[in-house]
Amino acid sequence: MDYGWWVFLHILGAFAFAFGHGASGLAAFRIRATRDPAQVRMLLDLSSMALGVTYVGLLLLLVGGIAAGLAGDHFSSGWIWAALGILVLIIVAMYAMATPFYGQMRVAAGARPKNPKVDPNPVVDQTALDALASSNRPAVLLAIGTIGFVLILWLMVIKPF
């Protein structure tokens with residue numbers, strides 16, 4: 001496939017990733033505005049559904065980006081390695097911070113947990129739900145993702161090294 005098509009696939013993946021991740025992020029911030037367990041469960045389910053689109057977008061982004069990097073002979077440059085390294089760091093940091101946090105929120109809201117070792121029939125823990133919903137964790141995740149995105153975009157456009 002031609003270099004341009006790989007870049008197209010990379011950009012298409014980036015848009016799909018942003019669409020899915022944006023929906024999940026908006027749900028996270030909407031949770032801060034509600035304490036109703038039914039609404040929190042619905043928003044968490046919406047976020048989980050949106051993450052499917054996010055992961056498909058990430059796959060397209062990676063396949064298209066790596067193939068474009070190979071087709072364009074960019075892997076001899078440092079910027080592409082730095083961009084991939086930053087992406088890996090962002091994924092690890094966000095996964096490590098978000099997954100346990102939203103798992104705890106799911107249990108506090110009375111949703112069935114994804115972890116089978118946890119009580120399969122939880123009840124609403126309003127105190128825990130209030131504490132989790134008022135956490136600044138979504139803002140921290142947003143900051144990590146935004147700073148990382150801007151750095152990767154800068155590396156890809158400016159190609160400083």
# chains A, B, ... in the order shown; residues from 1 in each chain; ligands from 1
>>> closest_atom_pairs(of="region 17-117 of chain A", to="region 123-131 of chain A", cutoff="10 Å", atoms="only C-alpha atoms", output="tab-separated table")
residue	atom	partner	partner_atom	distance
A:Ile31	CA	A:Leu129	CA	9.9
A:Arg32	CA	A:Asp130	CA	8.8
A:Thr34	CA	A:Asp130	CA	8.9
A:Arg35	CA	A:Asp130	CA	6.3
A:Asp36	CA	A:Gln126	CA	8.8
A:Pro37	CA	A:Val124	CA	7.1
A:Ala38	CA	A:Val124	CA	9.7
A:Val40	CA	A:Leu129	CA	8.9
A:Gln104	CA	A:Leu129	CA	8.6
A:Met105	CA	A:Leu129	CA	6.1
A:Arg106	CA	A:Leu129	CA	8.6
A:Val107	CA	A:Val124	CA	7.4
A:Ala108	CA	A:Asp125	CA	4.8
A:Ala109	CA	A:Val124	CA	5.0
A:Gly110	CA	A:Val124	CA	4.3
A:Ala111	CA	A:Val123	CA	7.9
A:Arg112	CA	A:Val123	CA	9.3
>>> select_by_dssp(residues="region 81-136 of chain A", states="helix (DSSP H, G or I)", output="number ranges by chain")
A: 81-108, 126-133
>>> atom_distance(atom1="CA of Ala93 (chain A)", atom2="CA of His21 (chain A)")
15.1 Å
>>> residues_around(residues="region 8-14 of chain A", least_positions_apart="5", cutoff="7 Å", atoms="only C-alpha atoms", output="PDB file with all heavy atoms, in the first residue's frame")
ATOM      1  N   GLY A  57      -9.938   2.293  17.196  1.00  0.00           N
ATOM      2  CA  GLY A  57      -9.213   3.457  16.700  1.00  0.00           C
ATOM      3  C   GLY A  57      -7.726   3.373  17.017  1.00  0.00           C
ATOM      4  O   GLY A  57      -6.881   3.693  16.174  1.00  0.00           O
ATOM      5  N   LEU A  58      -7.404   2.924  18.229  1.00  0.00           N
ATOM      6  CA  LEU A  58      -5.998   2.782  18.613  1.00  0.00           C
ATOM      7  C   LEU A  58      -5.289   1.760  17.729  1.00  0.00           C
ATOM      8  O   LEU A  58      -4.147   1.977  17.302  1.00  0.00           O
ATOM      9  CB  LEU A  58      -5.879   2.391  20.087  1.00  0.00           C
ATOM     10  CG  LEU A  58      -4.470   2.210  20.643  1.00  0.00           C
ATOM     11  CD1 LEU A  58      -3.669   3.516  20.547  1.00  0.00           C
ATOM     12  CD2 LEU A  58      -4.532   1.735  22.098  1.00  0.00           C
ATOM     13  N   LEU A  60      -6.102   0.909  14.586  1.00  0.00           N
ATOM     14  CA  LEU A  60      -5.919   1.520  13.269  1.00  0.00           C
ATOM     15  C   LEU A  60      -4.811   2.566  13.302  1.00  0.00           C
ATOM     16  O   LEU A  60      -3.994   2.659  12.377  1.00  0.00           O
ATOM     17  CB  LEU A  60      -7.218   2.166  12.787  1.00  0.00           C
ATOM     18  CG  LEU A  60      -8.378   1.241  12.462  1.00  0.00           C
ATOM     19  CD1 LEU A  60      -9.628   2.051  12.151  1.00  0.00           C
ATOM     20  CD2 LEU A  60      -8.024   0.317  11.310  1.00  0.00           C
ATOM     21  N   LEU A  61      -4.787   3.360  14.362  1.00  0.00           N
ATOM     22  CA  LEU A  61      -3.773   4.392  14.539  1.00  0.00           C
ATOM     23  C   LEU A  61      -2.374   3.782  14.552  1.00  0.00           C
ATOM     24  O   LEU A  61      -1.463   4.265  13.875  1.00  0.00           O
ATOM     25  CB  LEU A  61      -4.065   5.138  15.840  1.00  0.00           C
ATOM     26  CG  LEU A  61      -3.206   6.307  16.253  1.00  0.00           C
ATOM     27  CD1 LEU A  61      -4.074   7.292  17.018  1.00  0.00           C
ATOM     28  CD2 LEU A  61      -2.078   5.860  17.150  1.00  0.00           C
ATOM     29  N   LEU A  62      -2.217   2.703  15.315  1.00  0.00           N
ATOM     30  CA  LEU A  62      -0.913   2.054  15.409  1.00  0.00           C
ATOM     31  C   LEU A  62      -0.503   1.370  14.105  1.00  0.00           C
ATOM     32  O   LEU A  62       0.626   1.547  13.633  1.00  0.00           O
ATOM     33  CB  LEU A  62      -0.898   1.045  16.551  1.00  0.00           C
ATOM     34  CG  LEU A  62      -0.810   1.635  17.947  1.00  0.00           C
ATOM     35  CD1 LEU A  62      -1.047   0.564  19.005  1.00  0.00           C
ATOM     36  CD2 LEU A  62       0.537   2.299  18.158  1.00  0.00           C
ATOM     37  N   GLY A  64      -1.614   1.920  11.012  1.00  0.00           N
ATOM     38  CA  GLY A  64      -1.361   2.939   9.989  1.00  0.00           C
ATOM     39  C   GLY A  64      -0.104   3.728  10.261  1.00  0.00           C
ATOM     40  O   GLY A  64       0.677   4.011   9.346  1.00  0.00           O
ATOM     41  N   GLY A  65       0.130   4.098  11.518  1.00  0.00           N
ATOM     42  CA  GLY A  65       1.306   4.894  11.865  1.00  0.00           C
ATOM     43  C   GLY A  65       2.605   4.131  11.707  1.00  0.00           C
ATOM     44  O   GLY A  65       3.587   4.664  11.173  1.00  0.00           O
TER      45      GLY A  65
END
>>> residues_around(residues="Ser48 (chain A)", least_positions_apart="5", cutoff="10 Å", atoms="only C-alpha atoms", output="list in words")
Gly20, His21, Ala23, Ser24, Ala27, Met42, Leu43, Val53 and Thr54 of chain A
>>> residues_around(residues="Val88 (chain A)", least_positions_apart="3", cutoff="12 Å", atoms="only C-alpha atoms", output="JSON, numbers by chain")
{"A": [58, 62, 81, 82, 83, 84, 85, 91, 92, 93, 94, 95, 145, 148, 149, 152]}
>>> write_last_selection(atoms="N, CA, C and O atoms", output="PDB file, in the first residue's frame")
ATOM      1  N   LEU A  58      -7.404   2.924  18.229  1.00  0.00           N
ATOM      2  CA  LEU A  58      -5.998   2.782  18.613  1.00  0.00           C
ATOM      3  C   LEU A  58      -5.289   1.760  17.729  1.00  0.00           C
ATOM      4  O   LEU A  58      -4.147   1.977  17.302  1.00  0.00           O
ATOM      5  N   LEU A  62      -2.217   2.703  15.315  1.00  0.00           N
ATOM      6  CA  LEU A  62      -0.913   2.054  15.409  1.00  0.00           C
ATOM      7  C   LEU A  62      -0.503   1.370  14.105  1.00  0.00           C
ATOM      8  O   LEU A  62       0.626   1.547  13.633  1.00  0.00           O
ATOM      9  N   TRP A  81      10.322   7.382  17.389  1.00  0.00           N
ATOM     10  CA  TRP A  81      10.554   6.541  18.566  1.00  0.00           C
ATOM     11  C   TRP A  81      10.083   7.262  19.836  1.00  0.00           C
ATOM     12  O   TRP A  81       9.502   6.640  20.729  1.00  0.00           O
ATOM     13  N   ALA A  82      10.333   8.565  19.899  1.00  0.00           N
ATOM     14  CA  ALA A  82       9.863   9.352  21.047  1.00  0.00           C
ATOM     15  C   ALA A  82       8.340   9.354  21.101  1.00  0.00           C
ATOM     16  O   ALA A  82       7.742   9.200  22.178  1.00  0.00           O
ATOM     17  N   ALA A  83       7.690   9.507  19.948  1.00  0.00           N
ATOM     18  CA  ALA A  83       6.227   9.507  19.902  1.00  0.00           C
ATOM     19  C   ALA A  83       5.662   8.163  20.361  1.00  0.00           C
ATOM     20  O   ALA A  83       4.700   8.114  21.148  1.00  0.00           O
ATOM     21  N   LEU A  84       6.246   7.071  19.892  1.00  0.00           N
ATOM     22  CA  LEU A  84       5.794   5.743  20.326  1.00  0.00           C
ATOM     23  C   LEU A  84       6.029   5.533  21.820  1.00  0.00           C
ATOM     24  O   LEU A  84       5.179   4.968  22.520  1.00  0.00           O
ATOM     25  N   GLY A  85       7.167   5.988  22.317  1.00  0.00           N
ATOM     26  CA  GLY A  85       7.455   5.870  23.749  1.00  0.00           C
ATOM     27  C   GLY A  85       6.467   6.659  24.595  1.00  0.00           C
ATOM     28  O   GLY A  85       5.981   6.168  25.618  1.00  0.00           O
ATOM     29  N   ILE A  91      -0.572   5.266  27.733  1.00  0.00           N
ATOM     30  CA  ILE A  91      -1.474   4.110  27.858  1.00  0.00           C
ATOM     31  C   ILE A  91      -1.289   3.434  29.210  1.00  0.00           C
ATOM     32  O   ILE A  91      -2.262   3.137  29.908  1.00  0.00           O
ATOM     33  N   VAL A  92      -0.056   3.209  29.615  1.00  0.00           N
ATOM     34  CA  VAL A  92       0.218   2.550  30.898  1.00  0.00           C
ATOM     35  C   VAL A  92      -0.286   3.412  32.060  1.00  0.00           C
ATOM     36  O   VAL A  92      -0.975   2.918  32.959  1.00  0.00           O
ATOM     37  N   ALA A  93       0.020   4.698  32.029  1.00  0.00           N
ATOM     38  CA  ALA A  93      -0.392   5.582  33.128  1.00  0.00           C
ATOM     39  C   ALA A  93      -1.903   5.686  33.228  1.00  0.00           C
ATOM     40  O   ALA A  93      -2.479   5.573  34.322  1.00  0.00           O
ATOM     41  N   MET A  94      -2.561   5.886  32.096  1.00  0.00           N
ATOM     42  CA  MET A  94      -4.013   6.055  32.136  1.00  0.00           C
ATOM     43  C   MET A  94      -4.716   4.754  32.527  1.00  0.00           C
ATOM     44  O   MET A  94      -5.679   4.773  33.284  1.00  0.00           O
ATOM     45  N   TYR A  95      -4.232   3.644  32.019  1.00  0.00           N
ATOM     46  CA  TYR A  95      -4.841   2.359  32.379  1.00  0.00           C
ATOM     47  C   TYR A  95      -4.670   2.092  33.875  1.00  0.00           C
ATOM     48  O   TYR A  95      -5.615   1.697  34.556  1.00  0.00           O
ATOM     49  N   GLY A 145      -3.503  12.771  29.296  1.00  0.00           N
ATOM     50  CA  GLY A 145      -3.827  12.533  27.890  1.00  0.00           C
ATOM     51  C   GLY A 145      -3.592  13.744  27.012  1.00  0.00           C
ATOM     52  O   GLY A 145      -3.059  13.627  25.898  1.00  0.00           O
ATOM     53  N   GLY A 148       0.229  14.497  26.680  1.00  0.00           N
ATOM     54  CA  GLY A 148       0.810  13.477  25.812  1.00  0.00           C
ATOM     55  C   GLY A 148       0.408  13.660  24.366  1.00  0.00           C
ATOM     56  O   GLY A 148       1.245  13.560  23.452  1.00  0.00           O
ATOM     57  N   PHE A 149      -0.870  13.954  24.125  1.00  0.00           N
ATOM     58  CA  PHE A 149      -1.357  14.166  22.762  1.00  0.00           C
ATOM     59  C   PHE A 149      -0.643  15.343  22.105  1.00  0.00           C
ATOM     60  O   PHE A 149      -0.193  15.251  20.959  1.00  0.00           O
ATOM     61  N   ILE A 152       2.952  14.358  21.243  1.00  0.00           N
ATOM     62  CA  ILE A 152       3.003  13.461  20.080  1.00  0.00           C
ATOM     63  C   ILE A 152       2.696  14.237  18.804  1.00  0.00           C
ATOM     64  O   ILE A 152       3.377  14.067  17.785  1.00  0.00           O
TER      65      ILE A 152
END
>>> atom_distance(atom1="CA of Met97 (chain A)", atom2="CA of Leu141 (chain A)")
7.6 Å
>>> decode(residues="region 121-135 of chain A", atoms="N, CA, C and O atoms", output="PDB file, in the first residue's frame")
ATOM      1  N   ASN A 121     -23.109  -9.476  43.689  1.00  0.00           N
ATOM      2  CA  ASN A 121     -24.363  -8.760  43.948  1.00  0.00           C
ATOM      3  C   ASN A 121     -24.126  -7.580  44.885  1.00  0.00           C
ATOM      4  O   ASN A 121     -24.642  -7.555  45.999  1.00  0.00           O
ATOM      5  N   PRO A 122     -23.374  -6.594  44.427  1.00  0.00           N
ATOM      6  CA  PRO A 122     -23.071  -5.480  45.322  1.00  0.00           C
ATOM      7  C   PRO A 122     -24.292  -4.604  45.571  1.00  0.00           C
ATOM      8  O   PRO A 122     -25.230  -4.587  44.777  1.00  0.00           O
ATOM      9  N   VAL A 123     -24.235  -3.901  46.643  1.00  0.00           N
ATOM     10  CA  VAL A 123     -25.278  -2.916  46.950  1.00  0.00           C
ATOM     11  C   VAL A 123     -24.639  -1.532  46.826  1.00  0.00           C
ATOM     12  O   VAL A 123     -23.422  -1.391  46.857  1.00  0.00           O
ATOM     13  N   VAL A 124     -25.479  -0.527  46.697  1.00  0.00           N
ATOM     14  CA  VAL A 124     -24.982   0.836  46.557  1.00  0.00           C
ATOM     15  C   VAL A 124     -24.322   1.272  47.860  1.00  0.00           C
ATOM     16  O   VAL A 124     -24.886   1.109  48.937  1.00  0.00           O
ATOM     17  N   ASP A 125     -23.121   1.807  47.748  1.00  0.00           N
ATOM     18  CA  ASP A 125     -22.414   2.408  48.873  1.00  0.00           C
ATOM     19  C   ASP A 125     -22.336   3.906  48.567  1.00  0.00           C
ATOM     20  O   ASP A 125     -21.400   4.374  47.927  1.00  0.00           O
ATOM     21  N   GLN A 126     -23.351   4.647  49.020  1.00  0.00           N
ATOM     22  CA  GLN A 126     -23.471   6.057  48.658  1.00  0.00           C
ATOM     23  C   GLN A 126     -22.288   6.888  49.145  1.00  0.00           C
ATOM     24  O   GLN A 126     -21.831   7.786  48.443  1.00  0.00           O
ATOM     25  N   THR A 127     -21.773   6.562  50.323  1.00  0.00           N
ATOM     26  CA  THR A 127     -20.625   7.310  50.850  1.00  0.00           C
ATOM     27  C   THR A 127     -19.411   7.146  49.940  1.00  0.00           C
ATOM     28  O   THR A 127     -18.737   8.124  49.585  1.00  0.00           O
ATOM     29  N   ALA A 128     -19.118   5.910  49.550  1.00  0.00           N
ATOM     30  CA  ALA A 128     -17.990   5.653  48.650  1.00  0.00           C
ATOM     31  C   ALA A 128     -18.245   6.271  47.283  1.00  0.00           C
ATOM     32  O   ALA A 128     -17.331   6.848  46.676  1.00  0.00           O
ATOM     33  N   LEU A 129     -19.475   6.178  46.794  1.00  0.00           N
ATOM     34  CA  LEU A 129     -19.816   6.754  45.497  1.00  0.00           C
ATOM     35  C   LEU A 129     -19.607   8.267  45.504  1.00  0.00           C
ATOM     36  O   LEU A 129     -19.022   8.830  44.567  1.00  0.00           O
ATOM     37  N   ASP A 130     -20.057   8.928  46.562  1.00  0.00           N
ATOM     38  CA  ASP A 130     -19.870  10.378  46.674  1.00  0.00           C
ATOM     39  C   ASP A 130     -18.392  10.744  46.682  1.00  0.00           C
ATOM     40  O   ASP A 130     -17.974  11.699  46.015  1.00  0.00           O
ATOM     41  N   ALA A 131     -17.592   9.986  47.424  1.00  0.00           N
ATOM     42  CA  ALA A 131     -16.155  10.273  47.502  1.00  0.00           C
ATOM     43  C   ALA A 131     -15.483  10.064  46.143  1.00  0.00           C
ATOM     44  O   ALA A 131     -14.667  10.891  45.707  1.00  0.00           O
ATOM     45  N   LEU A 132     -15.812   8.975  45.470  1.00  0.00           N
ATOM     46  CA  LEU A 132     -15.211   8.691  44.169  1.00  0.00           C
ATOM     47  C   LEU A 132     -15.666   9.697  43.110  1.00  0.00           C
ATOM     48  O   LEU A 132     -14.862  10.169  42.306  1.00  0.00           O
ATOM     49  N   ALA A 133     -16.954  10.027  43.132  1.00  0.00           N
ATOM     50  CA  ALA A 133     -17.487  10.947  42.130  1.00  0.00           C
ATOM     51  C   ALA A 133     -16.928  12.361  42.279  1.00  0.00           C
ATOM     52  O   ALA A 133     -16.850  13.109  41.302  1.00  0.00           O
ATOM     53  N   SER A 134     -16.524  12.726  43.474  1.00  0.00           N
ATOM     54  CA  SER A 134     -15.976  14.071  43.669  1.00  0.00           C
ATOM     55  C   SER A 134     -14.448  14.095  43.525  1.00  0.00           C
ATOM     56  O   SER A 134     -13.833  15.146  43.688  1.00  0.00           O
ATOM     57  N   SER A 135     -13.860  12.969  43.194  1.00  0.00           N
ATOM     58  CA  SER A 135     -12.409  12.886  43.014  1.00  0.00           C
ATOM     59  C   SER A 135     -11.957  13.718  41.817  1.00  0.00           C
ATOM     60  O   SER A 135     -12.712  13.939  40.868  1.00  0.00           O
TER      61      SER A 135
END
